[in-house]
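Since the structure comes first, as structure tokens, the remarks are kept for the end.
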Amino acid sequence: DLADYAVIQINDTHPSMVIPELIRLLTERGIDFDEAAEIVSKVCAYTNHTILAEALEKWPMDYLLDVVPHLVPIIEKLDEKVKEKYPQENVAIIDKNNLVHMAHMDIHYGFSINGVAALHTEILKTSELKAFYDIYPEKFNNKTNGITFRRWLMHCNHPLTDYITSLIGDEFKTNATALENLLKYKDDEAVLNKLLEIKTEAKKTCKEFILSNTGVEINENSIYDIQIKRLHEYKRQLLNILHIMYLYNQIKEHPEMSFYPRTFIFGAKASAGYVRAKEIIKLINSVADVVNNDASIEGKLKVVFIENYRVSNAEMIFAAADVSEQISTASKEASGTGNMKFMLNGAPTLGTMDGANVEIVQEVGEENAFIFGLSADEVINYENNGGYDPRVIYNTDDEIRQVLTELVNGTFSSDTELFRDLYNSLLNQNGGERADQYFIL
């Protein structure tokens, strides 16, 4: 019995065709269709990594007829069986527009459906996949994403690993909860100073890397405030750079103000056709050009965008971080793992209560994180019921209005139309897209 020996994990909907393909292979071996479908339903399990549409694939039947014509009759038969039991449109595999919903197939013909953080799984159950949870409550469960200490501490931060080992032994390398043994040193000045020494050395290494790769010289004694992750609007790199523009204005207008030097570091890759993501990358670099070359602010603020973000430079950046930017719109980040890598290397979280940030904050205590912004419930309420108008903020907050005006008045680009789309996205509804749909203002 195949189901006694194998599980095939469907990671997001991208490998969903395994379901009809495995049924095809089993029926070719003489197993009848119903039994084949039952075997597959015991073998396949589905992990939903995000509620974003790009991960919930829907394919036109015409396209499938072109690329997998031999699987189309199987998908149609699976859909028929679903519709016999559950005639409601919102759980069909093939909808009335002849689109095949891969996630729907995975849920009906898999034995387990999991989200990747406690909050994310609750949103699946109560919102995004509620119709399926009502049918199959027993299938839904949570598996919070994780990271490997082997790479994200022991390999990328030898000095910190060695020092922790000298304090508490090496159980933490295979049992994360053993890190709690460090708490007995929380008021030990010698230990705290040694941890800062290790961090400073990591910051010097990062400084040298940035100088050789970007030509920007940064101050290793500044706060390294870092946001590295895929570039996506819901992750809100735009919120971060707008805040930097605000800080720059404050320093310019109040040169006498007390301001501890800060270096904002970005690293990100964007999908090739994602125009707005590229506009945000352009804005970050344009702001950097102005801020980094303004002698009047005396190096209080620096902005760096590290090219070609990848594992090898991420290892060095995580070790150097003072502040971990985890500022996604609450309810949108399924879990995040960068938040864990920063935390493991001793950077407190500045962020929203989203994804695995929720569980991180539960572990470290709210007093050891910097949490702001709307809750997931508040975001979902605005999305479902309206009530948020960014123009009200724009019209009543002079500092926010100044920052947005600088997108289109030549402050950061001689081409005043270059960032017009970003400006419009924050203030104007565009087709089906709400104004400021990620609640940045």
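Ligands are numbered from 1 in the order shown, residues from 1 within each chain, and chains are lettered A, B, ... in the order they appear in the structure tokens.
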Checklist line | Sel. of strand (DSSP E or B) residues, range 102-174 of chain A, as a VMD selection string | finding: chain A and resid 113 to 115 140 to 142
Would you mind exporting the chosen residues as a CSV table (one decimal), in the first residue's frame, restricted to all heavy atoms?
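Result file follows (again.csv):
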chain,number,residue,atom,x,y,z
A,113,ILE,N,-3.6,19.9,5.2
A,113,ILE,CA,-3.3,21.3,4.7
A,113,ILE,C,-2.7,22.1,5.8
A,113,ILE,O,-3.3,22.2,6.9
A,113,ILE,CB,-4.7,22.0,4.3
A,113,ILE,CG1,-5.3,21.2,3.1
A,113,ILE,CG2,-4.4,23.4,3.8
A,113,ILE,CD1,-6.5,20.4,3.6
A,114,ASN,N,-1.5,22.6,5.6
A,114,ASN,CA,-0.9,23.4,6.7
A,114,ASN,C,-0.5,24.8,6.2
A,114,ASN,O,-0.1,25.0,5.1
A,114,ASN,CB,0.3,22.7,7.3
A,114,ASN,CG,1.5,22.7,6.4
A,114,ASN,OD1,1.6,21.9,5.4
A,114,ASN,ND2,2.5,23.6,6.7
A,115,GLY,N,-0.7,25.7,7.1
A,115,GLY,CA,0.0,27.0,7.0
A,115,GLY,C,1.3,27.0,7.6
A,115,GLY,O,1.7,26.0,8.2
A,140,PHE,N,-6.8,20.6,8.5
A,140,PHE,CA,-6.0,21.8,8.7
A,140,PHE,C,-5.1,21.7,10.0
A,140,PHE,O,-5.5,21.3,11.0
A,140,PHE,CB,-6.9,23.0,8.8
A,140,PHE,CG,-7.5,23.5,7.5
A,140,PHE,CD1,-8.4,22.8,6.8
A,140,PHE,CD2,-7.0,24.6,6.9
A,140,PHE,CE1,-8.9,23.2,5.6
A,140,PHE,CE2,-7.5,25.1,5.7
A,140,PHE,CZ,-8.4,24.3,5.0
A,141,ASN,N,-3.9,22.2,9.8
A,141,ASN,CA,-2.9,22.2,10.9
A,141,ASN,C,-1.8,23.2,10.6
A,141,ASN,O,-1.7,23.7,9.5
A,141,ASN,CB,-2.3,20.8,11.1
A,141,ASN,CG,-1.5,20.3,9.9
A,141,ASN,OD1,-0.3,20.4,9.9
A,141,ASN,ND2,-2.3,19.7,8.9
A,142,ASN,N,-1.0,23.5,11.6
A,142,ASN,CA,0.0,24.5,11.4
A,142,ASN,C,1.4,23.9,11.6
A,142,ASN,O,1.6,23.0,12.4
A,142,ASN,CB,-0.1,25.6,12.5
A,142,ASN,CG,1.0,26.7,12.3
A,142,ASN,OD1,1.1,27.3,11.3
A,142,ASN,ND2,1.8,26.8,13.4
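Residues in contact with Ser375 in chain A at 6 Å, where only C-alpha atoms are counted and same-chain residues fewer than 2 positions away are skipped, are listed as Ala330, Asp377 and Glu378 of chain A.
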Note to self: Can you tell me, as number ranges by chain, which residues in range 42-125 of chain A count as helix (DSSP H, G or I) by DSSP?
What the structure shows: A: 42-43, 53-55, 61-67, 72-85, 89-91, 102-108, 118-125
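What separates CA of Lys203 in chain A from CA of Ala288 in chain A is a distance of 19.6 Å.
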Check: In Å, with one decimal, what is the gap from CA of Ala117 in chain A to CA of Ala356 in chain A?
Finding: 5.4 Å
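Distance check against Arg230 in chain A using only C-alpha atoms: of A:Cys156, A:Leu242, A:Ala277, A:Met343, the minimum falls on A:Ala277.
Using only C-alpha atoms, the nearest neighbour of Leu344 in chain A within the list A:Pro390, A:Gly215, A:Gly431, A:Gly146 is A:Gly146.
Using only C-alpha atoms, the smallest distance between any of A:Leu183, A:Met154, A:Met340, A:Val291 and Glu359 in chain A comes from A:Met340.
Taking CA of Asn98 in chain A and CA of Thr126 in chain A as the two end points, the separation is 26.7 Å.
Proximity to Asn221 in chain A was assessed for A:Thr396, A:Thr200, A:Asn181, A:Asn339 counting only C-alpha atoms; the smallest distance is recorded for A:Thr200.
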Contacts of Asn240 in chain A within 9 Å, only C-alpha atoms, excl. fewer than 2 positions in-chain, as a short mmCIF file (atom, residue, chain, number, x, y, z; two decimals) with all heavy atoms, in the first residue's frame:
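The resulting file, part_16.cif, is reproduced below:
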data_model
loop_
_atom_site.label_atom_id
_atom_site.label_comp_id
_atom_site.auth_asym_id
_atom_site.auth_seq_id
_atom_site.Cartn_x
_atom_site.Cartn_y
_atom_site.Cartn_z
N GLN A 227 16.75 45.83 6.10
CA GLN A 227 15.59 45.14 5.53
C GLN A 227 16.07 44.39 4.30
O GLN A 227 16.33 44.97 3.26
CB GLN A 227 14.48 46.13 5.14
CG GLN A 227 13.21 45.43 4.68
CD GLN A 227 12.06 46.38 4.36
OE1 GLN A 227 12.29 47.55 4.08
NE2 GLN A 227 10.84 45.88 4.39
N ARG A 236 6.63 45.99 2.10
CA ARG A 236 6.65 47.42 2.40
C ARG A 236 8.06 48.03 2.50
O ARG A 236 8.33 48.84 3.38
CB ARG A 236 5.80 47.72 3.65
CG ARG A 236 4.34 47.37 3.45
CD ARG A 236 3.41 48.12 4.36
NE ARG A 236 3.60 47.79 5.76
CZ ARG A 236 2.78 48.17 6.73
NH1 ARG A 236 1.72 48.89 6.45
NH2 ARG A 236 3.01 47.84 7.99
N GLN A 237 8.92 47.67 1.56
CA GLN A 237 10.16 48.42 1.43
C GLN A 237 9.85 49.90 1.16
O GLN A 237 10.63 50.78 1.55
CB GLN A 237 11.02 47.84 0.31
CG GLN A 237 11.72 46.53 0.63
CD GLN A 237 10.91 45.29 0.26
OE1 GLN A 237 9.71 45.37 -0.02
NE2 GLN A 237 11.57 44.14 0.25
N LEU A 238 8.70 50.15 0.52
CA LEU A 238 8.31 51.53 0.24
C LEU A 238 8.07 52.30 1.55
O LEU A 238 8.46 53.48 1.67
CB LEU A 238 7.05 51.56 -0.63
CG LEU A 238 6.51 52.94 -1.03
CD1 LEU A 238 7.57 53.79 -1.71
CD2 LEU A 238 5.28 52.80 -1.93
N LEU A 242 10.20 55.71 2.48
CA LEU A 242 9.47 56.94 2.79
C LEU A 242 9.83 57.45 4.18
O LEU A 242 9.97 58.66 4.41
CB LEU A 242 7.96 56.71 2.69
CG LEU A 242 7.38 56.44 1.29
CD1 LEU A 242 5.91 56.09 1.38
CD2 LEU A 242 7.59 57.61 0.35
N HIS A 243 10.01 56.53 5.12
CA HIS A 243 10.44 56.92 6.48
C HIS A 243 11.84 57.53 6.46
O HIS A 243 12.11 58.52 7.17
CB HIS A 243 10.40 55.71 7.40
CG HIS A 243 10.89 55.98 8.79
ND1 HIS A 243 11.96 55.32 9.34
CD2 HIS A 243 10.47 56.87 9.71
CE1 HIS A 243 12.18 55.79 10.56
NE2 HIS A 243 11.29 56.73 10.82
N ILE A 244 12.72 56.97 5.63
CA ILE A 244 14.08 57.53 5.51
C ILE A 244 14.02 58.95 4.94
O ILE A 244 14.73 59.85 5.41
CB ILE A 244 14.95 56.60 4.64
CG1 ILE A 244 15.19 55.28 5.36
CG2 ILE A 244 16.29 57.27 4.29
CD1 ILE A 244 15.71 54.16 4.47
N MET A 245 13.14 59.16 3.95
CA MET A 245 12.95 60.51 3.40
C MET A 245 12.49 61.46 4.50
O MET A 245 12.94 62.62 4.60
CB MET A 245 11.95 60.47 2.25
CG MET A 245 12.49 59.77 1.00
SD MET A 245 11.19 59.18 -0.14
CE MET A 245 10.42 60.73 -0.63
N PHE A 264 20.84 52.65 6.82
CA PHE A 264 19.75 51.78 6.35
C PHE A 264 20.26 50.93 5.19
O PHE A 264 20.75 51.47 4.19
CB PHE A 264 18.56 52.62 5.90
CG PHE A 264 17.80 53.25 7.04
CD1 PHE A 264 18.16 54.50 7.52
CD2 PHE A 264 16.75 52.58 7.64
CE1 PHE A 264 17.47 55.08 8.58
CE2 PHE A 264 16.05 53.15 8.71
CZ PHE A 264 16.42 54.40 9.18
N GLU A 325 14.19 44.84 10.23
CA GLU A 325 12.94 45.44 9.71
C GLU A 325 12.01 44.35 9.22
O GLU A 325 12.28 43.68 8.21
CB GLU A 325 13.26 46.39 8.55
CG GLU A 325 14.04 47.63 8.95
CD GLU A 325 13.14 48.84 9.21
OE1 GLU A 325 11.90 48.70 9.11
OE2 GLU A 325 13.69 49.90 9.53
N ILE A 327 8.31 44.62 8.46
CA ILE A 327 7.25 45.64 8.49
C ILE A 327 6.13 45.37 7.48
O ILE A 327 5.47 46.28 7.02
CB ILE A 327 7.87 47.03 8.28
CG1 ILE A 327 8.60 47.13 6.94
CG2 ILE A 327 8.81 47.38 9.42
CD1 ILE A 327 9.16 48.53 6.63
#
Next item on the list: Can you pull out every residue within 10 Å of Ala6 in chain A, counting only C-alpha atoms, but drop anything in the same chain fewer than 6 positions away, and send it as a list of chain:residue names?
Entry: A:Lys42, A:Val43, A:Cys44
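Close contacts of Glu333 in chain A, defined as residues with an atom at most 8 Å away when counting only C-alpha atoms, with chain neighbours fewer than 3 positions off set aside, comprise Thr50, His120, Tyr234, Lys235, Ser328, Thr329, Ala330, Gly336, Asp354 and Gly355 of chain A.
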So that I have them on file, write out the residues from the current selection with all heavy atoms, as a PDB file, in the first residue's frame.
ATOM      1  N   THR A  50       1.568  31.123   1.288  1.00  0.00           N
ATOM      2  CA  THR A  50       1.136  32.518   1.234  1.00  0.00           C
ATOM      3  C   THR A  50      -0.281  32.591   0.689  1.00  0.00           C
ATOM      4  O   THR A  50      -0.704  31.715  -0.063  1.00  0.00           O
ATOM      5  CB  THR A  50       2.071  33.379   0.352  1.00  0.00           C
ATOM      6  OG1 THR A  50       1.509  34.686   0.190  1.00  0.00           O
ATOM      7  CG2 THR A  50       2.270  32.764  -1.020  1.00  0.00           C
ATOM      8  N   HIS A 120      -0.907  32.789  10.230  1.00  0.00           N
ATOM      9  CA  HIS A 120      -1.217  32.455   8.846  1.00  0.00           C
ATOM     10  C   HIS A 120      -2.238  31.320   8.782  1.00  0.00           C
ATOM     11  O   HIS A 120      -3.227  31.388   8.037  1.00  0.00           O
ATOM     12  CB  HIS A 120       0.080  32.069   8.130  1.00  0.00           C
ATOM     13  CG  HIS A 120      -0.087  31.517   6.762  1.00  0.00           C
ATOM     14  ND1 HIS A 120       0.522  30.358   6.340  1.00  0.00           N
ATOM     15  CD2 HIS A 120      -0.792  31.961   5.697  1.00  0.00           C
ATOM     16  CE1 HIS A 120       0.189  30.113   5.086  1.00  0.00           C
ATOM     17  NE2 HIS A 120      -0.600  31.065   4.669  1.00  0.00           N
ATOM     18  N   TYR A 234       3.736  44.135  -0.404  1.00  0.00           N
ATOM     19  CA  TYR A 234       3.205  43.835   0.926  1.00  0.00           C
ATOM     20  C   TYR A 234       4.312  43.806   1.978  1.00  0.00           C
ATOM     21  O   TYR A 234       4.048  43.994   3.173  1.00  0.00           O
ATOM     22  CB  TYR A 234       2.400  42.525   0.926  1.00  0.00           C
ATOM     23  CG  TYR A 234       3.219  41.258   1.074  1.00  0.00           C
ATOM     24  CD1 TYR A 234       3.619  40.802   2.321  1.00  0.00           C
ATOM     25  CD2 TYR A 234       3.558  40.490  -0.040  1.00  0.00           C
ATOM     26  CE1 TYR A 234       4.354  39.635   2.461  1.00  0.00           C
ATOM     27  CE2 TYR A 234       4.287  39.332   0.081  1.00  0.00           C
ATOM     28  CZ  TYR A 234       4.691  38.906   1.343  1.00  0.00           C
ATOM     29  OH  TYR A 234       5.425  37.757   1.474  1.00  0.00           O
ATOM     30  N   LYS A 235       5.551  43.600   1.564  1.00  0.00           N
ATOM     31  CA  LYS A 235       6.673  43.612   2.522  1.00  0.00           C
ATOM     32  C   LYS A 235       7.082  45.043   2.880  1.00  0.00           C
ATOM     33  O   LYS A 235       7.809  45.272   3.825  1.00  0.00           O
ATOM     34  CB  LYS A 235       7.860  42.825   1.960  1.00  0.00           C
ATOM     35  CG  LYS A 235       7.554  41.335   1.810  1.00  0.00           C
ATOM     36  CD  LYS A 235       8.736  40.581   1.207  1.00  0.00           C
ATOM     37  CE  LYS A 235       8.413  39.141   0.861  1.00  0.00           C
ATOM     38  NZ  LYS A 235       8.421  38.238   2.014  1.00  0.00           N
ATOM     39  N   SER A 328       5.921  44.099   7.172  1.00  0.00           N
ATOM     40  CA  SER A 328       4.859  43.746   6.220  1.00  0.00           C
ATOM     41  C   SER A 328       3.488  44.176   6.739  1.00  0.00           C
ATOM     42  O   SER A 328       3.275  44.321   7.944  1.00  0.00           O
ATOM     43  CB  SER A 328       4.855  42.230   5.988  1.00  0.00           C
ATOM     44  OG  SER A 328       4.733  41.544   7.213  1.00  0.00           O
ATOM     45  N   THR A 329       2.564  44.374   5.803  1.00  0.00           N
ATOM     46  CA  THR A 329       1.173  44.652   6.179  1.00  0.00           C
ATOM     47  C   THR A 329       0.633  43.437   6.924  1.00  0.00           C
ATOM     48  O   THR A 329       0.655  42.330   6.390  1.00  0.00           O
ATOM     49  CB  THR A 329       0.318  44.890   4.917  1.00  0.00           C
ATOM     50  OG1 THR A 329       0.956  45.854   4.100  1.00  0.00           O
ATOM     51  CG2 THR A 329      -1.077  45.350   5.286  1.00  0.00           C
ATOM     52  N   ALA A 330       0.162  43.636   8.146  1.00  0.00           N
ATOM     53  CA  ALA A 330      -0.292  42.492   8.948  1.00  0.00           C
ATOM     54  C   ALA A 330      -1.346  41.692   8.188  1.00  0.00           C
ATOM     55  O   ALA A 330      -2.228  42.254   7.549  1.00  0.00           O
ATOM     56  CB  ALA A 330      -0.857  42.975  10.281  1.00  0.00           C
ATOM     57  N   GLY A 336       7.691  34.331   7.152  1.00  0.00           N
ATOM     58  CA  GLY A 336       8.998  34.975   7.153  1.00  0.00           C
ATOM     59  C   GLY A 336      10.007  34.023   7.764  1.00  0.00           C
ATOM     60  O   GLY A 336       9.687  33.235   8.656  1.00  0.00           O
ATOM     61  N   ASP A 354       2.800  40.211  12.420  1.00  0.00           N
ATOM     62  CA  ASP A 354       2.468  39.492  11.193  1.00  0.00           C
ATOM     63  C   ASP A 354       3.318  38.236  11.104  1.00  0.00           C
ATOM     64  O   ASP A 354       4.469  38.217  11.563  1.00  0.00           O
ATOM     65  CB  ASP A 354       2.737  40.393   9.978  1.00  0.00           C
ATOM     66  CG  ASP A 354       2.068  39.892   8.707  1.00  0.00           C
ATOM     67  OD1 ASP A 354       1.048  39.194   8.821  1.00  0.00           O
ATOM     68  OD2 ASP A 354       2.549  40.228   7.611  1.00  0.00           O
ATOM     69  N   GLY A 355       2.760  37.201  10.495  1.00  0.00           N
ATOM     70  CA  GLY A 355       3.518  35.975  10.277  1.00  0.00           C
ATOM     71  C   GLY A 355       4.122  35.451  11.567  1.00  0.00           C
ATOM     72  O   GLY A 355       3.521  35.488  12.638  1.00  0.00           O
TER      73      GLY A 355
END
Check: Smallest atom-to-atom distance to Tyr86 in chain A: which of A:Leu167, A:Ile135, A:Ile360, A:Ile241, using only C-alpha atoms?
Finding: A:Ile135
